[in-house]
file run.txt (compact mmCIF, C-alpha atoms)
# COMPACT_ATOMS: atom_id res chain seq x y z
CA MET G 285 0.00 0.00 0.00
CA THR G 286 2.86 2.39 0.88
CA GLY G 287 4.49 1.77 -2.49
CA PHE G 288 1.21 2.46 -4.28
CA VAL G 289 0.73 5.72 -2.37
CA SER G 290 4.29 6.84 -3.19
CA ILE G 291 3.69 6.20 -6.91
CA LEU G 292 0.47 8.21 -6.74
CA ALA G 293 2.38 11.09 -5.15
CA LEU G 294 5.02 11.00 -7.86
CA LEU G 295 2.39 10.83 -10.59
CA ALA G 296 0.72 13.85 -9.00
CA GLY G 297 4.04 15.71 -9.09
CA SER G 298 4.52 14.85 -12.73
CA GLY G 299 0.96 15.88 -13.55
CA LEU G 300 1.43 19.27 -11.91
CA LEU G 301 4.71 19.73 -13.77
CA LEU G 302 3.02 19.04 -17.13
CA LEU G 303 -0.02 21.15 -16.18
CA ALA G 304 2.24 24.16 -15.64
CA GLY G 305 4.25 23.29 -18.75
CA GLY G 306 1.15 23.11 -20.94
CA LEU G 307 -0.08 26.48 -19.66
CA HIS G 308 3.32 28.17 -19.91
CA GLY G 309 4.09 26.78 -23.37
CA LEU G 310 0.89 28.09 -24.96
CA LEU G 311 0.71 31.32 -22.97
CA LEU G 312 4.04 32.69 -24.22
CA PRO G 313 3.38 32.68 -27.99
CA VAL G 314 -0.14 34.02 -27.51
CA ARG G 315 1.02 36.79 -25.17
CA GLY G 316 4.08 37.43 -27.34
CA LEU G 317 1.86 38.17 -30.33
CA GLU G 318 -0.22 40.54 -28.22
CA GLU G 319 2.99 42.33 -27.20
CA GLY G 320 4.05 42.74 -30.82
CA PHE G 321 6.77 40.05 -30.99
CA SER G 322 7.72 39.01 -34.52
CA ASP G 323 7.35 35.47 -35.84
CA GLY G 324 11.15 35.21 -35.72
CA ASP G 325 11.17 36.11 -32.02
CA LEU G 326 8.53 33.48 -31.29
CA GLY G 327 10.43 30.88 -33.29
CA LEU G 328 13.49 31.55 -31.14
CA LEU G 329 11.34 30.88 -28.07
CA GLY G 330 10.72 27.37 -29.34
CA ALA G 331 14.37 26.87 -30.20
CA GLY G 332 15.41 28.16 -26.77
CA TRP G 333 13.10 25.71 -25.02
CA ALA G 334 14.46 22.82 -27.07
CA ALA G 335 18.08 23.81 -26.41
CA GLY G 336 17.40 24.08 -22.68
CA TYR G 337 15.58 20.77 -22.65
CA VAL G 338 18.39 18.90 -24.41
CA ALA G 339 20.93 20.54 -22.09
CA GLY G 340 18.83 19.40 -19.12
CA CYS G 341 18.85 15.80 -20.34
CA LEU G 342 22.65 15.98 -20.62
CA LEU G 343 23.56 17.94 -17.50
CA ALA G 344 20.80 17.29 -14.93
CA PRO G 345 22.34 13.93 -13.90
CA MET G 346 25.49 15.79 -12.78
CA VAL G 347 23.42 18.28 -10.77
CA VAL G 348 21.53 15.47 -9.04
CA LYS G 349 24.76 13.58 -8.35
CA ARG G 350 26.16 16.67 -6.63
CA VAL G 351 23.24 17.74 -4.41
CA GLY G 352 20.79 14.82 -4.42
CA HIS G 353 17.37 14.19 -5.93
CA ILE G 354 15.18 16.15 -3.52
CA ARG G 355 17.34 19.29 -3.42
CA ALA G 356 17.83 19.24 -7.18
CA PHE G 357 14.10 18.85 -7.83
CA GLY G 358 13.32 21.71 -5.43
CA VAL G 359 15.85 24.00 -7.10
CA LEU G 360 14.71 23.15 -10.63
CA SER G 361 11.01 23.54 -9.84
CA SER G 362 11.67 26.85 -8.09
CA LEU G 363 13.71 28.17 -11.02
CA ALA G 364 10.92 27.16 -13.42
CA ALA G 365 8.41 29.03 -11.24
CA ILE G 366 10.66 32.09 -11.12
CA SER G 367 11.15 32.05 -14.89
CA VAL G 368 7.39 32.33 -15.43
CA LEU G 369 7.22 35.44 -13.25
CA LEU G 370 10.29 36.96 -14.90
CA ASN G 371 8.51 36.56 -18.25
CA LEU G 372 5.94 38.99 -16.87
CA LEU G 373 8.49 41.46 -15.47
CA PHE G 374 10.74 41.59 -18.55
CA ILE G 375 8.53 41.57 -21.64
CA GLU G 376 11.33 41.65 -24.21
CA PRO G 377 12.09 38.95 -26.81
CA VAL G 378 15.74 38.46 -25.84
CA PHE G 379 14.85 37.97 -22.17
CA TRP G 380 12.03 35.58 -23.03
CA VAL G 381 14.31 33.43 -25.19
CA VAL G 382 16.85 33.13 -22.37
CA LEU G 383 14.15 32.45 -19.79
CA ARG G 384 12.56 29.86 -22.07
CA ALA G 385 15.89 28.02 -22.27
CA VAL G 386 16.18 28.11 -18.48
CA SER G 387 12.63 26.79 -18.21
CA GLY G 388 13.39 23.96 -20.65
CA PHE G 389 16.48 22.97 -18.67
CA CYS G 390 14.57 22.96 -15.38
CA PHE G 391 11.65 21.08 -16.89
CA ALA G 392 13.86 18.31 -18.27
CA GLY G 393 15.76 17.87 -15.03
CA ALA G 394 12.63 17.87 -12.86
CA ALA G 395 10.90 15.38 -15.16
CA MET G 396 13.94 13.07 -15.08
CA ILE G 397 13.95 13.08 -11.28
CA VAL G 398 10.25 12.17 -11.07
CA GLU G 399 10.72 9.46 -13.69
CA SER G 400 13.73 7.98 -11.90
CA TRP G 401 11.67 7.79 -8.72
CA LEU G 402 8.84 6.09 -10.57
CA ASN G 403 11.26 3.61 -12.08
CA GLU G 404 12.63 2.85 -8.61
CA ARG G 405 9.11 2.00 -7.41
CA ALA G 406 8.09 0.07 -10.53
CA THR G 407 8.70 -3.66 -10.93
CA PRO G 408 8.96 -5.81 -14.06
CA GLN G 409 5.41 -6.96 -13.32
CA ASN G 410 3.84 -3.48 -13.19
CA ARG G 411 6.27 -1.39 -15.29
CA GLY G 412 3.96 -1.40 -18.31
CA LYS G 413 1.00 -0.26 -16.21
CA VAL G 414 3.02 2.47 -14.49
CA PHE G 415 4.37 3.67 -17.84
CA GLY G 416 0.88 3.73 -19.37
CA ILE G 417 -0.65 5.64 -16.46
CA TYR G 418 2.28 8.06 -16.44
CA THR G 419 1.89 8.73 -20.17
CA MET G 420 -1.86 9.33 -19.94
CA ILE G 421 -1.54 11.60 -16.89
CA ASN G 422 1.06 13.70 -18.67
CA LEU G 423 -1.11 13.94 -21.78
CA GLY G 424 -4.16 14.92 -19.76
CA ALA G 425 -2.21 17.45 -17.69
CA THR G 426 -0.65 19.09 -20.76
CA THR G 427 -4.06 19.35 -22.42
CA ALA G 428 -5.63 20.77 -19.25
CA GLY G 429 -2.83 23.34 -18.98
CA GLN G 430 -3.49 24.54 -22.50
CA MET G 431 -7.23 24.69 -21.92
CA LEU G 432 -6.74 26.88 -18.82
CA LEU G 433 -6.13 29.78 -21.20
CA THR G 434 -9.81 29.69 -22.17
CA LEU G 435 -10.79 30.78 -18.65
CA GLY G 436 -9.40 34.31 -18.62
CA ASP G 437 -7.61 37.19 -20.30
CA THR G 438 -4.07 36.48 -21.54
CA THR G 439 -3.20 40.20 -21.58
CA GLY G 440 -3.13 40.35 -17.78
CA TYR G 441 -0.82 38.78 -15.19
CA ALA G 442 -3.05 36.06 -13.72
CA PHE G 443 -1.89 33.17 -15.91
CA PHE G 444 1.77 33.91 -15.19
CA ILE G 445 1.08 33.75 -11.46
CA ILE G 446 -1.01 30.58 -11.84
CA GLY G 447 1.78 28.92 -13.82
CA SER G 448 4.32 29.84 -11.13
CA ILE G 449 2.08 28.50 -8.38
CA ILE G 450 1.58 25.18 -10.17
CA TYR G 451 5.33 24.75 -10.73
CA SER G 452 5.83 25.37 -7.01
CA LEU G 453 3.14 22.86 -6.07
CA ALA G 454 4.84 20.24 -8.23
CA LEU G 455 7.80 20.00 -5.82
CA LEU G 456 5.61 19.03 -2.84
CA PRO G 457 5.03 15.32 -3.68
CA THR G 458 8.77 14.59 -3.95
CA ALA G 459 9.65 16.79 -0.98
CA LEU G 460 7.16 14.90 1.20
CA SER G 461 7.90 11.46 -0.24
CA THR G 462 9.30 8.85 2.15
CA ALA G 463 10.55 6.67 -0.70
CA ALA G 464 14.24 5.79 -0.75
CA THR G 465 16.48 7.98 -2.89
CA PRO G 466 16.56 6.53 -6.42
CA ALA G 467 19.62 5.33 -8.27
CA PRO G 468 21.66 7.93 -10.25
CA LEU G 469 19.91 9.40 -13.28
CA THR G 470 20.43 7.90 -16.72
CA GLN G 471 22.37 10.26 -18.99
CA ALA G 472 21.51 10.55 -22.67
CA LYS G 473 24.37 9.65 -25.01
CA LEU G 474 24.63 10.20 -28.73
CA ASP G 475 26.46 7.63 -30.83
CA PRO G 476 25.49 8.61 -34.39
CA VAL G 477 27.82 6.07 -36.02
CA THR G 478 26.24 3.11 -34.26
CA LEU G 479 22.73 4.50 -34.74
CA TRP G 480 23.37 4.98 -38.45
CA LYS G 481 24.81 1.49 -38.76
CA ASN G 482 21.78 -0.05 -37.09
CA SER G 483 19.08 2.05 -38.75
CA PRO G 484 19.84 4.94 -41.14
CA ILE G 485 16.16 5.72 -41.56
CA ALA G 486 15.72 6.14 -37.80
CA VAL G 487 18.54 8.71 -37.69
CA VAL G 488 17.17 10.75 -40.60
CA ALA G 489 13.49 10.37 -39.75
CA ILE G 490 13.81 11.27 -36.05
CA PHE G 491 15.67 14.48 -36.95
CA LEU G 492 13.03 15.39 -39.56
CA VAL G 493 10.19 14.62 -37.15
CA GLY G 494 11.92 16.91 -34.65
CA ILE G 495 11.90 19.69 -37.24
CA SER G 496 8.22 19.15 -38.03
CA ASN G 497 6.98 18.69 -34.46
CA GLY G 498 9.18 21.48 -33.09
CA ALA G 499 7.93 23.91 -35.72
CA PHE G 500 4.27 23.08 -35.17
CA GLY G 501 4.51 22.82 -31.38
CA SER G 502 6.21 26.21 -31.10
CA LEU G 503 4.37 28.12 -33.83
CA GLY G 504 0.99 26.41 -34.16
CA ALA G 505 -0.53 29.01 -31.85
CA VAL G 506 1.11 31.79 -33.88
CA TYR G 507 -0.43 30.35 -37.06
CA GLY G 508 -3.82 30.23 -35.38
CA LYS G 509 -3.58 33.80 -34.17
CA ARG G 510 -2.37 35.07 -37.55
CA ILE G 511 -5.32 33.52 -39.40
CA GLY G 512 -7.84 35.04 -36.99
CA LEU G 513 -8.58 32.35 -34.38
CA ASP G 514 -9.29 33.55 -30.85
CA VAL G 515 -7.53 32.21 -27.73
CA THR G 516 -10.23 29.63 -27.01
CA GLU G 517 -10.09 28.28 -30.56
CA ILE G 518 -6.27 28.15 -30.42
CA ALA G 519 -6.33 26.25 -27.13
CA ILE G 520 -8.86 23.77 -28.52
CA MET G 521 -6.83 23.42 -31.73
CA MET G 522 -3.53 22.64 -29.97
CA SER G 523 -5.18 20.36 -27.42
CA LEU G 524 -7.05 18.43 -30.12
CA ALA G 525 -3.75 17.83 -31.93
CA LEU G 526 -2.32 16.23 -28.78
CA LEU G 527 -5.40 14.11 -28.11
CA ALA G 528 -5.58 12.93 -31.71
CA GLY G 529 -1.90 12.02 -31.52
CA ALA G 530 -2.67 9.77 -28.56
CA MET G 531 -5.75 8.14 -30.10
CA ILE G 532 -4.28 7.50 -33.55
CA GLN G 533 -1.36 5.63 -32.00
CA ILE G 534 -3.68 2.71 -31.29
CA PRO G 535 -4.24 1.78 -34.96
CA VAL G 536 -0.71 2.94 -35.86
CA GLY G 537 0.79 0.59 -33.30
CA PHE G 538 -1.40 -2.27 -34.51
CA ALA G 539 -0.31 -1.67 -38.10
CA SER G 540 3.40 -1.19 -37.38
CA ASP G 541 3.59 -4.44 -35.40
CA ARG G 542 2.22 -6.35 -38.40
CA LEU G 543 3.60 -4.47 -41.41
CA ASP G 544 6.95 -3.04 -42.38
CA ARG G 545 7.26 -0.05 -40.04
CA ARG G 546 8.82 1.98 -42.86
CA ILE G 547 5.64 1.56 -44.93
CA VAL G 548 3.57 2.76 -41.97
CA LEU G 549 5.89 5.73 -41.52
CA ILE G 550 5.60 6.64 -45.22
CA ALA G 551 1.81 6.45 -45.08
CA MET G 552 1.71 8.76 -42.04
CA ALA G 553 4.13 11.21 -43.68
CA VAL G 554 2.01 11.29 -46.85
CA CYS G 555 -1.12 12.05 -44.79
CA ALA G 556 0.68 14.72 -42.77
CA MET G 557 2.01 16.34 -45.93
CA ALA G 558 -1.44 16.38 -47.53
CA LEU G 559 -3.06 17.82 -44.41
CA GLY G 560 -0.31 20.42 -44.11
CA GLY G 561 -0.83 21.40 -47.72
CA ALA G 562 -4.53 21.88 -47.09
CA LEU G 563 -3.84 24.01 -44.01
CA SER G 564 -1.32 26.07 -45.94
CA LEU G 565 -3.85 26.81 -48.68
CA LEU G 566 -7.07 27.07 -46.68
CA GLY G 567 -5.81 29.02 -43.63
CA GLY G 568 -8.15 31.79 -42.56
CA GLY G 569 -11.31 29.99 -43.64
CA ASP G 570 -13.87 28.27 -41.46
CA PRO G 571 -12.43 27.83 -37.91
CA ILE G 572 -14.10 24.45 -37.44
CA THR G 573 -12.53 23.12 -40.64
CA THR G 574 -9.13 24.48 -39.63
CA ILE G 575 -9.33 22.95 -36.15
CA ALA G 576 -10.45 19.60 -37.56
CA LEU G 577 -7.56 19.55 -40.05
CA ILE G 578 -5.12 20.48 -37.28
CA GLY G 579 -6.46 17.60 -35.18
CA LEU G 580 -5.80 15.12 -37.98
CA PHE G 581 -2.41 16.70 -38.66
CA GLY G 582 -1.44 16.38 -35.00
CA GLY G 583 -2.58 12.78 -35.01
CA MET G 584 -0.11 12.02 -37.80
CA ILE G 585 2.95 13.95 -36.63
CA TYR G 586 2.65 12.98 -32.96
CA SER G 587 2.47 9.27 -33.86
CA MET G 588 5.68 9.06 -35.88
CA TYR G 589 8.16 9.15 -32.99
CA PRO G 590 7.23 5.79 -31.40
CA VAL G 591 7.22 4.08 -34.82
CA ILE G 592 10.78 5.30 -35.42
CA VAL G 593 11.97 4.25 -31.96
CA ALA G 594 10.39 0.82 -32.44
CA HIS G 595 12.03 0.45 -35.87
CA ALA G 596 15.45 1.42 -34.48
CA SER G 597 15.00 -1.03 -31.60
CA ASP G 598 14.17 -3.80 -34.08
CA HIS G 599 17.67 -3.42 -35.53
CA ALA G 600 19.61 -2.63 -32.34
CA ASP G 601 21.85 -5.13 -30.60
CA PRO G 602 20.36 -6.92 -27.57
CA GLY G 603 20.63 -4.77 -24.46
CA ASP G 604 21.02 -1.49 -26.38
CA PHE G 605 17.50 -0.13 -25.94
CA LEU G 606 18.53 2.67 -23.56
CA LYS G 607 21.48 3.65 -25.72
CA THR G 608 19.33 3.67 -28.84
CA SER G 609 16.42 5.61 -27.36
CA GLY G 610 18.76 8.11 -25.68
CA GLY G 611 20.58 8.81 -28.95
CA LEU G 612 17.32 9.23 -30.85
CA LEU G 613 16.05 11.58 -28.14
CA LEU G 614 19.03 13.89 -28.66
CA LEU G 615 18.64 13.83 -32.45
CA PHE G 616 14.96 14.67 -32.03
CA GLY G 617 15.93 17.52 -29.71
CA ILE G 618 18.34 18.95 -32.28
CA GLY G 619 15.53 18.85 -34.84
CA THR G 620 13.20 20.72 -32.49
CA MET G 621 15.79 23.52 -32.33
CA VAL G 622 16.00 23.79 -36.13
CA GLY G 623 12.26 23.58 -36.92
CA PRO G 624 10.99 26.71 -35.10
CA ILE G 625 13.81 28.87 -36.48
CA ALA G 626 13.27 27.74 -40.09
CA ALA G 627 9.47 28.03 -39.89
CA SER G 628 9.46 31.42 -38.17
CA LEU G 629 11.86 32.83 -40.77
CA LEU G 630 9.71 31.61 -43.65
CA MET G 631 6.51 32.81 -41.98
CA SER G 632 8.04 36.26 -41.48
CA LEU G 633 9.05 36.48 -45.13
CA THR G 634 5.83 35.09 -46.62
CA TYR G 635 2.59 34.21 -44.81
CA PRO G 636 1.38 32.17 -41.77
CA GLY G 637 0.65 29.01 -43.79
CA ALA G 638 4.37 28.77 -44.60
CA LEU G 639 4.64 26.91 -41.30
CA PHE G 640 3.20 23.87 -43.08
CA GLN G 641 5.55 24.27 -46.01
CA VAL G 642 8.38 23.59 -43.56
CA THR G 643 6.63 20.54 -42.10
CA ALA G 644 5.76 19.29 -45.62
CA THR G 645 9.40 19.60 -46.69
CA ALA G 646 10.45 17.53 -43.69
CA HIS G 647 7.81 14.89 -44.42
CA LEU G 648 8.64 14.72 -48.13
CA SER G 649 12.32 14.25 -47.32
CA MET G 650 11.35 11.45 -44.95
CA ILE G 651 9.22 9.75 -47.60
CA LEU G 652 11.94 9.83 -50.23
CA PHE G 653 14.62 8.54 -47.85
CA ALA G 654 12.35 5.77 -46.56
CA ILE G 655 11.55 4.61 -50.09
CA TRP G 656 15.28 4.46 -50.86
CA ARG G 657 15.98 2.48 -47.67
CA ILE G 658 13.21 -0.01 -48.46
CA SER G 659 15.02 -0.77 -51.71
CA LYS G 660 18.24 -1.42 -49.77
CA ARG G 661 17.10 -3.48 -46.78
CA ALA G 662 14.53 -6.19 -46.23
CA PRO G 663 11.86 -5.63 -43.55
CA VAL G 664 12.15 -7.13 -40.07
CA THR G 665 10.05 -10.24 -39.55
CA GLY G 666 7.28 -10.29 -36.99
CA GLU G 667 9.19 -12.55 -34.61
CA GLU G 668 12.16 -10.16 -34.50
CA LYS G 669 10.16 -6.99 -33.85
CA THR G 670 10.10 -5.21 -30.52
CA GLU G 671 6.80 -4.13 -29.02
CA PHE G 672 5.31 -0.79 -30.12
CA VAL G 673 4.82 1.50 -27.10
CA PRO G 674 2.86 4.78 -27.50
CA VAL G 675 4.77 8.01 -26.81
CA ILE G 676 3.45 11.52 -27.50
CA ALA G 677 6.26 13.32 -29.34
CA THR G 678 5.69 17.00 -28.61
CA ALA G 679 8.64 19.29 -27.94
CA ARG G 680 8.87 17.32 -24.71
CA PRO G 681 8.55 13.70 -25.88
CA SER G 682 10.65 11.95 -23.26
CA THR G 683 13.84 11.98 -21.25
CA PRO G 684 16.41 9.20 -20.78
CA GLU G 685 14.53 8.27 -17.61
CA THR G 686 11.31 7.84 -19.60
CA ALA G 687 13.13 5.13 -21.54
CA VAL G 688 14.06 3.42 -18.28
CA LEU G 689 10.35 3.28 -17.43
CA ASP G 690 9.52 1.84 -20.87
CA PRO G 691 8.36 -1.80 -20.56
CA ARG G 692 10.44 -2.66 -23.63
CA LEU G 693 13.51 -2.35 -21.41
CA ASP G 694 12.63 -5.60 -19.61
CA ALA G 695 12.19 -7.39 -22.93
CA ASP G 696 15.48 -5.93 -24.15
CA GLU G 697 17.29 -7.21 -21.08
CA ALA G 698 15.72 -10.61 -21.62
CA ARG G 699 17.00 -10.61 -25.22
CA LEU G 700 20.49 -9.78 -23.91
CA GLU G 701 20.42 -12.64 -21.42
CA GLN G 702 19.20 -15.01 -24.14
CA SER G 703 21.98 -13.94 -26.50
CA ARG G 704 24.55 -14.53 -23.74
CA ASP G 705 23.17 -18.01 -23.06
CA ASN G 706 23.43 -18.83 -26.74
call {"tool": "encode", "arguments": {"input": "run.txt", "output": "structure tokens"}}
result
Amino acid sequence: MTGFVSILALLAGSGLLLLAGGLHGLLLPVRGLEEGFSDGDLGLLGAGWAAGYVAGCLLAPMVVKRVGHIRAFGVLSSLAAISVLLNLLFIEPVFWVVLRAVSGFCFAGAAMIVESWLNERATPQNRGKVFGIYTMINLGATTAGQMLLTLGDTTGYAFFIIGSIIYSLALLPTALSTAATPAPLTQAKLDPVTLWKNSPIAVVAIFLVGISNGAFGSLGAVYGKRIGLDVTEIAIMMSLALLAGAMIQIPVGFASDRLDRRIVLIAMAVCAMALGGALSLLGGGDPITTIALIGLFGGMIYSMYPVIVAHASDHADPGDFLKTSGGLLLLFGIGTMVGPIAASLLMSLTYPGALFQVTATAHLSMILFAIWRISKRAPVTGEEKTEFVPVIATARPSTPETAVLDPRLDADEARLEQSRDN
């Protein structure tokens, strides 16, 4: 019973963290537009968040090793809360970009600490259940955070204060937890040579998905505002994209476990490119049509990441799941830095729908490379495939500790033991 209560407390901490993150992430581009920020400024916000998040995945383990899990989590959560308030005090693009990077760093480190604690409490028998509950809570919390913007005026200060309060509340479950201090955090490592050798398409596709998802996640609200949607419609639009991404993963996972995952990835990229083309051409029309198309678009782009990770794991050596997923995470993070900058530049020079020209270019490149790879390598048989596990690939898809929670890790360790016995 004590173990179950401690997991609930940690899940509550994670939910509060994502609730504040969802609110903060959508509030800044909406408020930035109201303050007269350019599309380029807002694109740099997305790139700053991604850079801070990747840095957090790399450096947070050293911070935790130095001061411990509880102190590190308290410091990171407090800094995230302070950064929200400083956004309100210093309404200038350069300050917001720096603060967004600080927020991304803190968010990554705090999430890794919660996830390491969850992993410590999980067992091989319940890891899949814990991972599933954790994923759904985070999705629900992020969506709820975005929808909070529909309850008030974004031109005031209330949402900044609310975001800071929620970040502060997130540190309470870990601060009050009686669970033993977890093992040291897992540090992400990038080995592009080995990743390329195992699965070239995973290396290219994960970077391109990072470009697409980073561009849309950072500038989707800007697109909505530029074509005349109000704050409520923008919040619904961005939330629907997340929810569709979660729901569509059910049939996507079913298909990718039975077909060549590269074919599934191509089909999703074709759909995303077509939907992006429609949004690029029809922007500014009926809001319901736009929101519906965005929902379908989000369903496609947010379902690609787990297919790519599963495909890379199919080709990885036994026991290399953490190494593979950590490397792909960093490549995805690099893509999320590039996407917002490229899209914001093109939107500034042309029109709001140019956002989807950037995503379409990424998806077309993925399609062409995947077709070439299919001609070079036979598909993995069903018996050799790893299990598909849903992951929502927003600008914050996972951390190295999320991979430790992944139930595929147990299967990967079993494969390693079997290969040693043979």
call {"tool": "closest_residue", "arguments": {"input": "run.txt", "among": "G:Val515, G:Asn497, G:Lys509, G:Trp656", "to": "Met584 (chain G)", "atoms": "all atoms listed in the file"}}
result
G:Asn497
call {"tool": "residues_around", "arguments": {"input": "run.txt", "residues": "Met431 (chain G)", "least_positions_apart": "2", "cutoff": "10 Å", "atoms": "all atoms listed in the file", "output": "list of chain:residue names"}}
result
G:Leu303, G:Gly306, G:Leu307, G:Leu310, G:Ala425, G:Thr426, G:Thr427, G:Ala428, G:Gly429, G:Leu433, G:Thr434, G:Leu435, G:Val515, G:Thr516, G:Glu517, G:Ile518, G:Ala519, G:Ile520, G:Met521, G:Met522, G:Ser523
call {"tool": "atom_distance", "arguments": {"input": "run.txt", "atom1": "CA of Leu294 (chain G)", "atom2": "CA of Gly330 (chain G)"}}
result
27.6 Å
call {"tool": "residues_around", "arguments": {"input": "run.txt", "residues": "Ile532 (chain G)", "least_positions_apart": "2", "cutoff": "12 Å", "atoms": "all atoms listed in the file", "output": "ChimeraX atom specification"}}
result
/G:524-530,534-539,552,579-588,590,674-676
call {"tool": "residues_near_point", "arguments": {"input": "run.txt", "point": "(13.4, 23.6, -10.9)", "cutoff": "9 Å", "atoms": "only C-alpha atoms", "output": "number ranges by chain"}}
result
G: 356-366, 387, 389-391, 393-394, 451-452, 455
call {"tool": "closest_residue", "arguments": {"input": "run.txt", "among": "G:Ala331, G:Leu633, G:Met557, G:Ala304", "to": "Val381 (chain G)", "atoms": "only C-alpha atoms"}}
result
G:Ala331
call {"tool": "residues_around", "arguments": {"input": "run.txt", "residues": "Ile618 (chain G)", "least_positions_apart": "6", "cutoff": "9 Å", "atoms": "only C-alpha atoms", "output": "list in words"}}
result
Ala334, Ala335, Val338, Phe491, Gly494 and Ile495 of chain G
call {"tool": "build_atoms", "arguments": {"input": "run.txt", "residues": "region 633-649 of chain G", "atoms": "N, CA and C atoms", "output": "mmCIF file, in the coordinates of the input"}}
result
data_model
loop_
_atom_site.group_PDB
_atom_site.id
_atom_site.type_symbol
_atom_site.label_atom_id
_atom_site.label_comp_id
_atom_site.auth_asym_id
_atom_site.auth_seq_id
_atom_site.Cartn_x
_atom_site.Cartn_y
_atom_site.Cartn_z
ATOM 1 N N LEU G 633 8.790 36.022 -43.772
ATOM 2 C CA LEU G 633 9.050 36.480 -45.130
ATOM 3 C C LEU G 633 7.845 36.313 -46.054
ATOM 4 N N THR G 634 6.951 35.381 -45.716
ATOM 5 C CA THR G 634 5.830 35.090 -46.620
ATOM 6 C C THR G 634 4.481 35.252 -45.914
ATOM 7 N N TYR G 635 3.919 34.159 -45.413
ATOM 8 C CA TYR G 635 2.590 34.210 -44.810
ATOM 9 C C TYR G 635 2.472 33.102 -43.758
ATOM 10 N N PRO G 636 1.467 33.136 -42.877
ATOM 11 C CA PRO G 636 1.380 32.170 -41.770
ATOM 12 C C PRO G 636 1.390 30.715 -42.205
ATOM 13 N N GLY G 637 0.724 30.392 -43.332
ATOM 14 C CA GLY G 637 0.650 29.010 -43.790
ATOM 15 C C GLY G 637 1.983 28.422 -44.189
ATOM 16 N N ALA G 638 3.033 29.271 -44.277
ATOM 17 C CA ALA G 638 4.370 28.770 -44.600
ATOM 18 C C ALA G 638 4.883 27.818 -43.533
ATOM 19 N N LEU G 639 4.296 27.882 -42.344
ATOM 20 C CA LEU G 639 4.640 26.910 -41.300
ATOM 21 C C LEU G 639 4.516 25.492 -41.833
ATOM 22 N N PHE G 640 3.455 25.224 -42.595
ATOM 23 C CA PHE G 640 3.200 23.870 -43.080
ATOM 24 C C PHE G 640 3.999 23.541 -44.333
ATOM 25 N N GLN G 641 4.605 24.554 -44.940
ATOM 26 C CA GLN G 641 5.550 24.270 -46.010
ATOM 27 C C GLN G 641 6.836 23.670 -45.428
ATOM 28 N N VAL G 642 7.217 24.153 -44.241
ATOM 29 C CA VAL G 642 8.380 23.590 -43.560
ATOM 30 C C VAL G 642 8.107 22.151 -43.138
ATOM 31 N N THR G 643 6.940 21.912 -42.531
ATOM 32 C CA THR G 643 6.630 20.540 -42.100
ATOM 33 C C THR G 643 6.505 19.616 -43.318
ATOM 34 N N ALA G 644 5.907 20.123 -44.410
ATOM 35 C CA ALA G 644 5.760 19.290 -45.620
ATOM 36 C C ALA G 644 7.118 18.946 -46.218
ATOM 37 N N THR G 645 8.051 19.877 -46.182
ATOM 38 C CA THR G 645 9.400 19.600 -46.690
ATOM 39 C C THR G 645 10.064 18.501 -45.871
ATOM 40 N N ALA G 646 9.895 18.567 -44.556
ATOM 41 C CA ALA G 646 10.450 17.530 -43.690
ATOM 42 C C ALA G 646 9.820 16.172 -43.994
ATOM 43 N N HIS G 647 8.508 16.158 -44.171
ATOM 44 C CA HIS G 647 7.810 14.890 -44.420
ATOM 45 C C HIS G 647 8.147 14.323 -45.805
ATOM 46 N N LEU G 648 8.268 15.196 -46.800
ATOM 47 C CA LEU G 648 8.640 14.720 -48.130
ATOM 48 C C LEU G 648 10.046 14.131 -48.119
ATOM 49 N N SER G 649 10.956 14.777 -47.424
ATOM 50 C CA SER G 649 12.320 14.250 -47.320
ATOM 51 C C SER G 649 12.309 12.875 -46.647
#
